[in-house]
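Below you'll find the structure, written out as C-alpha cells, and then a few comments.
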Amino acid sequence: SCLGVAPVIVKSVDLSPEASAFYRVALSAPIFAIGTVLFARNIVVSIEPIRRINTKVLCLLTALIFAVDLVLMHMAIRLSNVAIATLLTNCAPFFVGILGLVGLTMRPDLKFWVMLPIALGGCALLMGAPQSTDSQVVGNVLALLAAFCYACYVVGVTELRKRGLSTIPIMAVVTAVSTLFLLPFFVAQGFPLPQSIQTVLMLLVLVLIGQILGQG
C-alpha cells in the first residue's frame, strides 16, 4: 500500500522524473543513517566473499542498481498510464525467476512457472492496448526494464540479508549511493526546487510513505 502511493505522487508532482527520484533518496538517506546509528550498532557482517563478490562491493552494486531502477520507474510513470506502468514494474518476480534459473538466487518451483504465463498474458494485453500512444509504449518498455533492475536489487538485498545486514543499514547505503548517482542529473537540470507548498508536501509523502515506509 505504501509503495502504491509513490507512483501517484511521481505522476502528479511538478518535477522531472530525475528530480523527484533525487529528492526521494536524498531526503530519506539522513533518516536511514540516523536509524543505523540508533538501532543497528550490533550488526555482524560476514567478510567472506560469496560467489566471488564481497559484501561491500555487493552493497554498492545493489545501491547502483536501485538508483537505475528508480530513474527508469519514474520516467515510465511520467510517460505511460500510471496504473499500467506500476503493474509492469511489478513484473520483477518474473526476472527473479530467471535469475534463479542461472543460480543467482533460489530457484522457483513448478507452481511459479504454471502461473507465470497467465500473469504475463495480462501484462501483454495491457501493453498492446489500441489506445496506447508512442510515449506510453516507451513508458511500458522502461517499466519492464525497471522491473528487471528491481529484480536484481531484490536478489542483492536478499544476499546482503543472508550476510548479516539488517534493513536500516542496507537502506542507508542504498539511498546514499543513489543520491550520489542521481546528483549529476539534478545538477544538469539546474537544481530544480519545489515551486509550491503543495509540491513540498507531495515530496514529503513520497519520502516518508513511498520510500521510508514502503521500501524500508
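Identifiers in the C-alpha cells: chain A, B, ... in order shown; residue index from 1 per chain; ligand index from 1 in order shown.
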*Give me the residues within 12 Å of Pro108 (chain A) as number ranges by chain, counting only C-alpha atoms and dropping any in the same chain fewer than 2 places off.*
A: 93-106, 110-116
All residues 12 Å or closer to Thr158 (chain A), only C-alpha atoms, same chain fewer than 4 positions away omitted, as a compact mmCIF listing (two decimals) with N, CA, C and O atoms, in the first residue's frame:
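Below is the file part_18.txt, written as the result:
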```txt
# COMPACT_ATOMS: atom_id res chain seq x y z
N THR A 55 31.07 -8.36 0.42
CA THR A 55 29.87 -7.68 0.91
C THR A 55 29.84 -6.20 0.52
O THR A 55 28.80 -5.68 0.12
N LEU A 58 29.08 -5.87 -3.18
CA LEU A 58 27.70 -6.24 -3.43
C LEU A 58 26.75 -5.15 -2.97
O LEU A 58 25.75 -4.85 -3.65
N CYS A 59 27.04 -4.55 -1.83
CA CYS A 59 26.20 -3.47 -1.31
C CYS A 59 26.21 -2.28 -2.27
O CYS A 59 25.17 -1.69 -2.54
N THR A 62 24.25 -3.21 -5.45
CA THR A 62 22.82 -3.21 -5.15
C THR A 62 22.26 -1.80 -5.12
O THR A 62 21.18 -1.51 -5.64
N VAL A 96 13.18 -12.35 -11.33
CA VAL A 96 13.77 -13.08 -10.21
C VAL A 96 13.81 -14.58 -10.53
O VAL A 96 14.78 -15.27 -10.23
N LEU A 104 21.63 -17.37 -9.41
CA LEU A 104 21.92 -16.18 -8.62
C LEU A 104 21.03 -16.06 -7.39
O LEU A 104 21.31 -15.24 -6.51
N THR A 105 19.97 -16.83 -7.32
CA THR A 105 19.09 -16.84 -6.16
C THR A 105 18.34 -18.16 -6.13
O THR A 105 18.60 -19.05 -6.95
N MET A 106 17.39 -18.30 -5.21
CA MET A 106 16.68 -19.56 -5.08
C MET A 106 15.84 -19.85 -6.31
O MET A 106 15.16 -18.97 -6.85
N ALA A 151 14.37 -6.54 -9.83
CA ALA A 151 14.61 -7.95 -9.54
C ALA A 151 16.05 -8.16 -9.10
O ALA A 151 16.33 -8.88 -8.13
N CYS A 152 16.99 -7.54 -9.82
CA CYS A 152 18.40 -7.63 -9.43
C CYS A 152 18.63 -7.02 -8.05
O CYS A 152 19.41 -7.54 -7.25
N TYR A 153 17.94 -5.92 -7.79
CA TYR A 153 18.04 -5.27 -6.48
C TYR A 153 17.53 -6.19 -5.38
O TYR A 153 18.16 -6.32 -4.32
N VAL A 154 16.40 -6.85 -5.60
CA VAL A 154 15.85 -7.76 -4.61
C VAL A 154 16.80 -8.92 -4.34
O VAL A 154 17.01 -9.32 -3.18
N LYS A 162 21.36 -12.27 4.04
CA LYS A 162 21.97 -13.54 4.42
C LYS A 162 23.33 -13.34 5.07
O LYS A 162 23.77 -14.14 5.88
N ARG A 163 23.99 -12.24 4.71
CA ARG A 163 25.33 -11.98 5.23
C ARG A 163 25.31 -11.22 6.56
O ARG A 163 26.35 -10.85 7.08
N GLY A 164 24.12 -10.94 7.09
CA GLY A 164 24.04 -10.34 8.41
C GLY A 164 23.62 -8.88 8.46
O GLY A 164 23.48 -8.32 9.54
N LEU A 165 23.43 -8.24 7.31
CA LEU A 165 23.00 -6.84 7.33
C LEU A 165 21.50 -6.75 7.59
O LEU A 165 20.73 -7.54 7.04
N SER A 166 21.10 -5.78 8.39
CA SER A 166 19.68 -5.57 8.64
C SER A 166 19.13 -4.50 7.69
O SER A 166 19.88 -3.87 6.94
N THR A 167 17.84 -4.30 7.74
CA THR A 167 17.17 -3.43 6.77
C THR A 167 17.70 -2.00 6.78
O THR A 167 17.99 -1.43 5.73
N ILE A 170 21.18 -1.37 5.21
CA ILE A 170 21.09 -1.57 3.76
C ILE A 170 20.45 -0.36 3.09
O ILE A 170 20.95 0.17 2.09
```
_When you look at Val8 (chain A) with a cut-off of 12 Å (counting only C-alpha atoms), what residues show up, excluding the ones that are within fewer than 2 positions of it in the same chain? I need them as a PyMOL selection string._
chain A and resi 1-6+10-13+74+77-78+81-86+202-203+205-206+209-210
*Between A:Asp109, A:Asp134, A:Asp14, A:Asp69, single out the one closest to Tyr150 (chain A), counting only C-alpha atoms.*
A:Asp69
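Here the question is which of A:Ile212, A:Val71, A:Ala92, A:Leu145 gets nearest to Phe32 (chain A) using only C-alpha atoms, and that residue is A:Ile212.
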*From the set A:Pro194, A:Pro117, A:Gly156, A:Pro30, which residue has the shortest atom-to-atom contact distance to Asn54 (chain A), counting only C-alpha atoms?*
A:Gly156
_Please report the interatomic distance between CA of Ile197 (chain A) and CA of Phe66 (chain A) in Å with one decimal._
28.5 Å
_Please list as a PyMOL selection string every residue within 8 Å of Ala76 (chain A), counting only C-alpha atoms and excluding residues in the same chain fewer than 4 positions away._
chain A and resi 72+80+85+138-143
*Nearest to Pro192 (chain A): which of A:Val57, A:Ile168, A:Leu15, A:Ile65 is it, counting only C-alpha atoms?*
A:Leu15
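From CA of Ala176 (chain A) back to CA of Glu159 (chain A), the distance works out to 19.4 Å.
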Quick one: DSSP helix (DSSP H, G or I) residues in region 35-119 of chain A, as a PDB file with N, CA and C atoms, in the first residue's frame?
```
ATOM      1  N   GLY A  35      18.855   6.178  11.745  1.00  0.00           N
ATOM      2  CA  GLY A  35      18.338   4.892  12.209  1.00  0.00           C
ATOM      3  C   GLY A  35      19.434   3.857  12.365  1.00  0.00           C
ATOM      4  N   THR A  36      20.416   3.900  11.464  1.00  0.00           N
ATOM      5  CA  THR A  36      21.538   2.957  11.558  1.00  0.00           C
ATOM      6  C   THR A  36      22.334   3.193  12.836  1.00  0.00           C
ATOM      7  N   VAL A  37      22.587   4.465  13.154  1.00  0.00           N
ATOM      8  CA  VAL A  37      23.349   4.795  14.361  1.00  0.00           C
ATOM      9  C   VAL A  37      22.596   4.388  15.626  1.00  0.00           C
ATOM     10  N   LEU A  38      21.284   4.603  15.612  1.00  0.00           N
ATOM     11  CA  LEU A  38      20.495   4.363  16.824  1.00  0.00           C
ATOM     12  C   LEU A  38      20.115   2.909  17.025  1.00  0.00           C
ATOM     13  N   PHE A  39      19.842   2.187  15.913  1.00  0.00           N
ATOM     14  CA  PHE A  39      19.224   0.871  16.047  1.00  0.00           C
ATOM     15  C   PHE A  39      20.030  -0.282  15.463  1.00  0.00           C
ATOM     16  N   THR A  55      31.070  -8.356   0.423  1.00  0.00           N
ATOM     17  CA  THR A  55      29.869  -7.675   0.911  1.00  0.00           C
ATOM     18  C   THR A  55      29.838  -6.204   0.524  1.00  0.00           C
ATOM     19  N   LYS A  56      30.976  -5.513   0.643  1.00  0.00           N
ATOM     20  CA  LYS A  56      30.992  -4.084   0.329  1.00  0.00           C
ATOM     21  C   LYS A  56      30.694  -3.836  -1.150  1.00  0.00           C
ATOM     22  N   VAL A  57      31.301  -4.624  -2.015  1.00  0.00           N
ATOM     23  CA  VAL A  57      31.058  -4.474  -3.455  1.00  0.00           C
ATOM     24  C   VAL A  57      29.617  -4.801  -3.789  1.00  0.00           C
ATOM     25  N   LEU A  58      29.084  -5.869  -3.182  1.00  0.00           N
ATOM     26  CA  LEU A  58      27.698  -6.244  -3.432  1.00  0.00           C
ATOM     27  C   LEU A  58      26.745  -5.153  -2.968  1.00  0.00           C
ATOM     28  N   CYS A  59      27.042  -4.552  -1.826  1.00  0.00           N
ATOM     29  CA  CYS A  59      26.201  -3.471  -1.314  1.00  0.00           C
ATOM     30  C   CYS A  59      26.212  -2.280  -2.267  1.00  0.00           C
ATOM     31  N   LEU A  60      27.383  -1.960  -2.796  1.00  0.00           N
ATOM     32  CA  LEU A  60      27.500  -0.850  -3.743  1.00  0.00           C
ATOM     33  C   LEU A  60      26.748  -1.149  -5.035  1.00  0.00           C
ATOM     34  N   LEU A  61      26.911  -2.353  -5.569  1.00  0.00           N
ATOM     35  CA  LEU A  61      26.204  -2.738  -6.794  1.00  0.00           C
ATOM     36  C   LEU A  61      24.695  -2.708  -6.592  1.00  0.00           C
ATOM     37  N   THR A  62      24.247  -3.205  -5.449  1.00  0.00           N
ATOM     38  CA  THR A  62      22.815  -3.214  -5.150  1.00  0.00           C
ATOM     39  C   THR A  62      22.259  -1.796  -5.122  1.00  0.00           C
ATOM     40  N   ALA A  63      23.021  -0.888  -4.515  1.00  0.00           N
ATOM     41  CA  ALA A  63      22.589   0.504  -4.436  1.00  0.00           C
ATOM     42  C   ALA A  63      22.540   1.150  -5.820  1.00  0.00           C
ATOM     43  N   LEU A  64      23.546   0.895  -6.651  1.00  0.00           N
ATOM     44  CA  LEU A  64      23.558   1.464  -8.000  1.00  0.00           C
ATOM     45  C   LEU A  64      22.398   0.944  -8.836  1.00  0.00           C
ATOM     46  N   ILE A  65      22.121  -0.348  -8.691  1.00  0.00           N
ATOM     47  CA  ILE A  65      21.002  -0.937  -9.442  1.00  0.00           C
ATOM     48  C   ILE A  65      19.690  -0.302  -9.008  1.00  0.00           C
ATOM     49  N   PHE A  66      19.548  -0.044  -7.706  1.00  0.00           N
ATOM     50  CA  PHE A  66      18.316   0.596  -7.231  1.00  0.00           C
ATOM     51  C   PHE A  66      18.184   2.003  -7.808  1.00  0.00           C
ATOM     52  N   ALA A  67      19.301   2.732  -7.897  1.00  0.00           N
ATOM     53  CA  ALA A  67      19.255   4.083  -8.455  1.00  0.00           C
ATOM     54  C   ALA A  67      18.792   4.060  -9.914  1.00  0.00           C
ATOM     55  N   VAL A  68      19.320   3.126 -10.686  1.00  0.00           N
ATOM     56  CA  VAL A  68      18.893   2.990 -12.092  1.00  0.00           C
ATOM     57  C   VAL A  68      17.415   2.615 -12.158  1.00  0.00           C
ATOM     58  N   ASP A  69      17.000   1.682 -11.298  1.00  0.00           N
ATOM     59  CA  ASP A  69      15.599   1.289 -11.240  1.00  0.00           C
ATOM     60  C   ASP A  69      14.709   2.485 -10.958  1.00  0.00           C
ATOM     61  N   LEU A  70      15.129   3.325 -10.020  1.00  0.00           N
ATOM     62  CA  LEU A  70      14.316   4.474  -9.625  1.00  0.00           C
ATOM     63  C   LEU A  70      14.133   5.447 -10.782  1.00  0.00           C
ATOM     64  N   VAL A  71      15.215   5.734 -11.510  1.00  0.00           N
ATOM     65  CA  VAL A  71      15.118   6.652 -12.653  1.00  0.00           C
ATOM     66  C   VAL A  71      14.206   6.069 -13.734  1.00  0.00           C
ATOM     67  N   LEU A  72      14.406   4.797 -14.068  1.00  0.00           N
ATOM     68  CA  LEU A  72      13.580   4.162 -15.097  1.00  0.00           C
ATOM     69  C   LEU A  72      12.112   4.138 -14.689  1.00  0.00           C
ATOM     70  N   MET A  73      11.854   3.815 -13.421  1.00  0.00           N
ATOM     71  CA  MET A  73      10.477   3.743 -12.960  1.00  0.00           C
ATOM     72  C   MET A  73       9.810   5.112 -12.988  1.00  0.00           C
ATOM     73  N   HIS A  74      10.501   6.138 -12.526  1.00  0.00           N
ATOM     74  CA  HIS A  74       9.916   7.476 -12.525  1.00  0.00           C
ATOM     75  C   HIS A  74       9.659   7.965 -13.947  1.00  0.00           C
ATOM     76  N   MET A  75      10.572   7.672 -14.873  1.00  0.00           N
ATOM     77  CA  MET A  75      10.360   8.049 -16.268  1.00  0.00           C
ATOM     78  C   MET A  75       9.174   7.301 -16.858  1.00  0.00           C
ATOM     79  N   ALA A  76       9.064   6.021 -16.549  1.00  0.00           N
ATOM     80  CA  ALA A  76       7.965   5.208 -17.079  1.00  0.00           C
ATOM     81  C   ALA A  76       6.623   5.730 -16.595  1.00  0.00           C
ATOM     82  N   ILE A  77       6.568   6.106 -15.323  1.00  0.00           N
ATOM     83  CA  ILE A  77       5.316   6.603 -14.747  1.00  0.00           C
ATOM     84  C   ILE A  77       4.887   7.901 -15.416  1.00  0.00           C
ATOM     85  N   ARG A  78       5.856   8.767 -15.728  1.00  0.00           N
ATOM     86  CA  ARG A  78       5.526  10.039 -16.353  1.00  0.00           C
ATOM     87  C   ARG A  78       5.119   9.873 -17.815  1.00  0.00           C
ATOM     88  N   LEU A  79       5.650   8.848 -18.484  1.00  0.00           N
ATOM     89  CA  LEU A  79       5.366   8.659 -19.910  1.00  0.00           C
ATOM     90  C   LEU A  79       4.117   7.833 -20.165  1.00  0.00           C
ATOM     91  N   VAL A  82      -0.254   5.564 -15.287  1.00  0.00           N
ATOM     92  CA  VAL A  82       0.385   5.291 -14.001  1.00  0.00           C
ATOM     93  C   VAL A  82       0.071   3.889 -13.492  1.00  0.00           C
ATOM     94  N   ALA A  83      -1.151   3.418 -13.714  1.00  0.00           N
ATOM     95  CA  ALA A  83      -1.533   2.084 -13.232  1.00  0.00           C
ATOM     96  C   ALA A  83      -0.792   0.992 -14.005  1.00  0.00           C
ATOM     97  N   ILE A  84      -0.737   1.142 -15.345  1.00  0.00           N
ATOM     98  CA  ILE A  84      -0.059   0.133 -16.171  1.00  0.00           C
ATOM     99  C   ILE A  84       1.434   0.142 -15.896  1.00  0.00           C
ATOM    100  N   ALA A  85       2.042   1.332 -15.804  1.00  0.00           N
ATOM    101  CA  ALA A  85       3.476   1.413 -15.529  1.00  0.00           C
ATOM    102  C   ALA A  85       3.807   0.771 -14.187  1.00  0.00           C
ATOM    103  N   THR A  86       2.947   1.009 -13.198  1.00  0.00           N
ATOM    104  CA  THR A  86       3.174   0.419 -11.875  1.00  0.00           C
ATOM    105  C   THR A  86       3.050  -1.094 -11.931  1.00  0.00           C
ATOM    106  N   LEU A  87       2.053  -1.573 -12.656  1.00  0.00           N
ATOM    107  CA  LEU A  87       1.880  -3.027 -12.795  1.00  0.00           C
ATOM    108  C   LEU A  87       3.105  -3.658 -13.456  1.00  0.00           C
ATOM    109  N   LEU A  88       3.584  -3.040 -14.533  1.00  0.00           N
ATOM    110  CA  LEU A  88       4.707  -3.619 -15.263  1.00  0.00           C
ATOM    111  C   LEU A  88       6.000  -3.584 -14.453  1.00  0.00           C
ATOM    112  N   THR A  89       6.186  -2.542 -13.643  1.00  0.00           N
ATOM    113  CA  THR A  89       7.375  -2.520 -12.793  1.00  0.00           C
ATOM    114  C   THR A  89       7.308  -3.617 -11.739  1.00  0.00           C
ATOM    115  N   ALA A  92       8.817  -7.788 -11.612  1.00  0.00           N
ATOM    116  CA  ALA A  92      10.114  -8.221 -11.080  1.00  0.00           C
ATOM    117  C   ALA A  92      10.166  -9.709 -10.741  1.00  0.00           C
ATOM    118  N   PRO A  93       9.076 -10.324 -10.188  1.00  0.00           N
ATOM    119  CA  PRO A  93       9.158 -11.760  -9.888  1.00  0.00           C
ATOM    120  C   PRO A  93       9.519 -12.624 -11.097  1.00  0.00           C
ATOM    121  N   PHE A  94       9.081 -12.224 -12.293  1.00  0.00           N
ATOM    122  CA  PHE A  94       9.456 -12.975 -13.498  1.00  0.00           C
ATOM    123  C   PHE A  94      10.972 -12.989 -13.665  1.00  0.00           C
ATOM    124  N   PHE A  95      11.583 -11.815 -13.511  1.00  0.00           N
ATOM    125  CA  PHE A  95      13.027 -11.726 -13.681  1.00  0.00           C
ATOM    126  C   PHE A  95      13.769 -12.388 -12.526  1.00  0.00           C
ATOM    127  N   VAL A  96      13.177 -12.352 -11.332  1.00  0.00           N
ATOM    128  CA  VAL A  96      13.774 -13.081 -10.213  1.00  0.00           C
ATOM    129  C   VAL A  96      13.808 -14.576 -10.525  1.00  0.00           C
ATOM    130  N   GLY A  97      12.736 -15.066 -11.154  1.00  0.00           N
ATOM    131  CA  GLY A  97      12.713 -16.469 -11.563  1.00  0.00           C
ATOM    132  C   GLY A  97      13.805 -16.789 -12.555  1.00  0.00           C
ATOM    133  N   ILE A  98      14.035 -15.886 -13.515  1.00  0.00           N
ATOM    134  CA  ILE A  98      15.114 -16.077 -14.485  1.00  0.00           C
ATOM    135  C   ILE A  98      16.470 -16.088 -13.786  1.00  0.00           C
ATOM    136  N   LEU A  99      16.658 -15.164 -12.853  1.00  0.00           N
ATOM    137  CA  LEU A  99      17.917 -15.123 -12.110  1.00  0.00           C
ATOM    138  C   LEU A  99      18.099 -16.381 -11.271  1.00  0.00           C
ATOM    139  N   GLY A 100      16.981 -16.950 -10.820  1.00  0.00           N
ATOM    140  CA  GLY A 100      17.053 -18.208 -10.082  1.00  0.00           C
ATOM    141  C   GLY A 100      17.500 -19.353 -10.961  1.00  0.00           C
ATOM    142  N   LEU A 101      17.101 -19.330 -12.220  1.00  0.00           N
ATOM    143  CA  LEU A 101      17.495 -20.391 -13.151  1.00  0.00           C
ATOM    144  C   LEU A 101      19.000 -20.388 -13.411  1.00  0.00           C
ATOM    145  N   LEU A 110       7.561 -25.311  -9.430  1.00  0.00           N
ATOM    146  CA  LEU A 110       6.723 -25.540 -10.611  1.00  0.00           C
ATOM    147  C   LEU A 110       5.503 -24.624 -10.637  1.00  0.00           C
ATOM    148  N   LYS A 111       4.904 -24.360  -9.475  1.00  0.00           N
ATOM    149  CA  LYS A 111       3.714 -23.501  -9.434  1.00  0.00           C
ATOM    150  C   LYS A 111       4.001 -22.120 -10.011  1.00  0.00           C
ATOM    151  N   PHE A 112       5.203 -21.638  -9.748  1.00  0.00           N
ATOM    152  CA  PHE A 112       5.590 -20.329 -10.269  1.00  0.00           C
ATOM    153  C   PHE A 112       5.493 -20.305 -11.791  1.00  0.00           C
ATOM    154  N   TRP A 113       6.030 -21.335 -12.443  1.00  0.00           N
ATOM    155  CA  TRP A 113       6.062 -21.362 -13.904  1.00  0.00           C
ATOM    156  C   TRP A 113       4.693 -21.665 -14.499  1.00  0.00           C
ATOM    157  N   VAL A 114       3.815 -22.336 -13.742  1.00  0.00           N
ATOM    158  CA  VAL A 114       2.454 -22.582 -14.219  1.00  0.00           C
ATOM    159  C   VAL A 114       1.649 -21.283 -14.246  1.00  0.00           C
ATOM    160  N   MET A 115       1.814 -20.471 -13.207  1.00  0.00           N
ATOM    161  CA  MET A 115       1.022 -19.246 -13.108  1.00  0.00           C
ATOM    162  C   MET A 115       1.623 -18.079 -13.888  1.00  0.00           C
ATOM    163  N   LEU A 116       2.922 -18.152 -14.165  1.00  0.00           N
ATOM    164  CA  LEU A 116       3.587 -17.035 -14.826  1.00  0.00           C
ATOM    165  C   LEU A 116       2.992 -16.673 -16.187  1.00  0.00           C
ATOM    166  N   PRO A 117       2.696 -17.639 -17.088  1.00  0.00           N
ATOM    167  CA  PRO A 117       2.133 -17.254 -18.389  1.00  0.00           C
ATOM    168  C   PRO A 117       0.814 -16.498 -18.272  1.00  0.00           C
ATOM    169  N   ILE A 118       0.017 -16.826 -17.262  1.00  0.00           N
ATOM    170  CA  ILE A 118      -1.251 -16.112 -17.074  1.00  0.00           C
ATOM    171  C   ILE A 118      -0.979 -14.651 -16.738  1.00  0.00           C
ATOM    172  N   ALA A 119      -0.038 -14.430 -15.810  1.00  0.00           N
ATOM    173  CA  ALA A 119       0.288 -13.066 -15.414  1.00  0.00           C
ATOM    174  C   ALA A 119       0.884 -12.279 -16.575  1.00  0.00           C
TER     175      ALA A 119
END
```
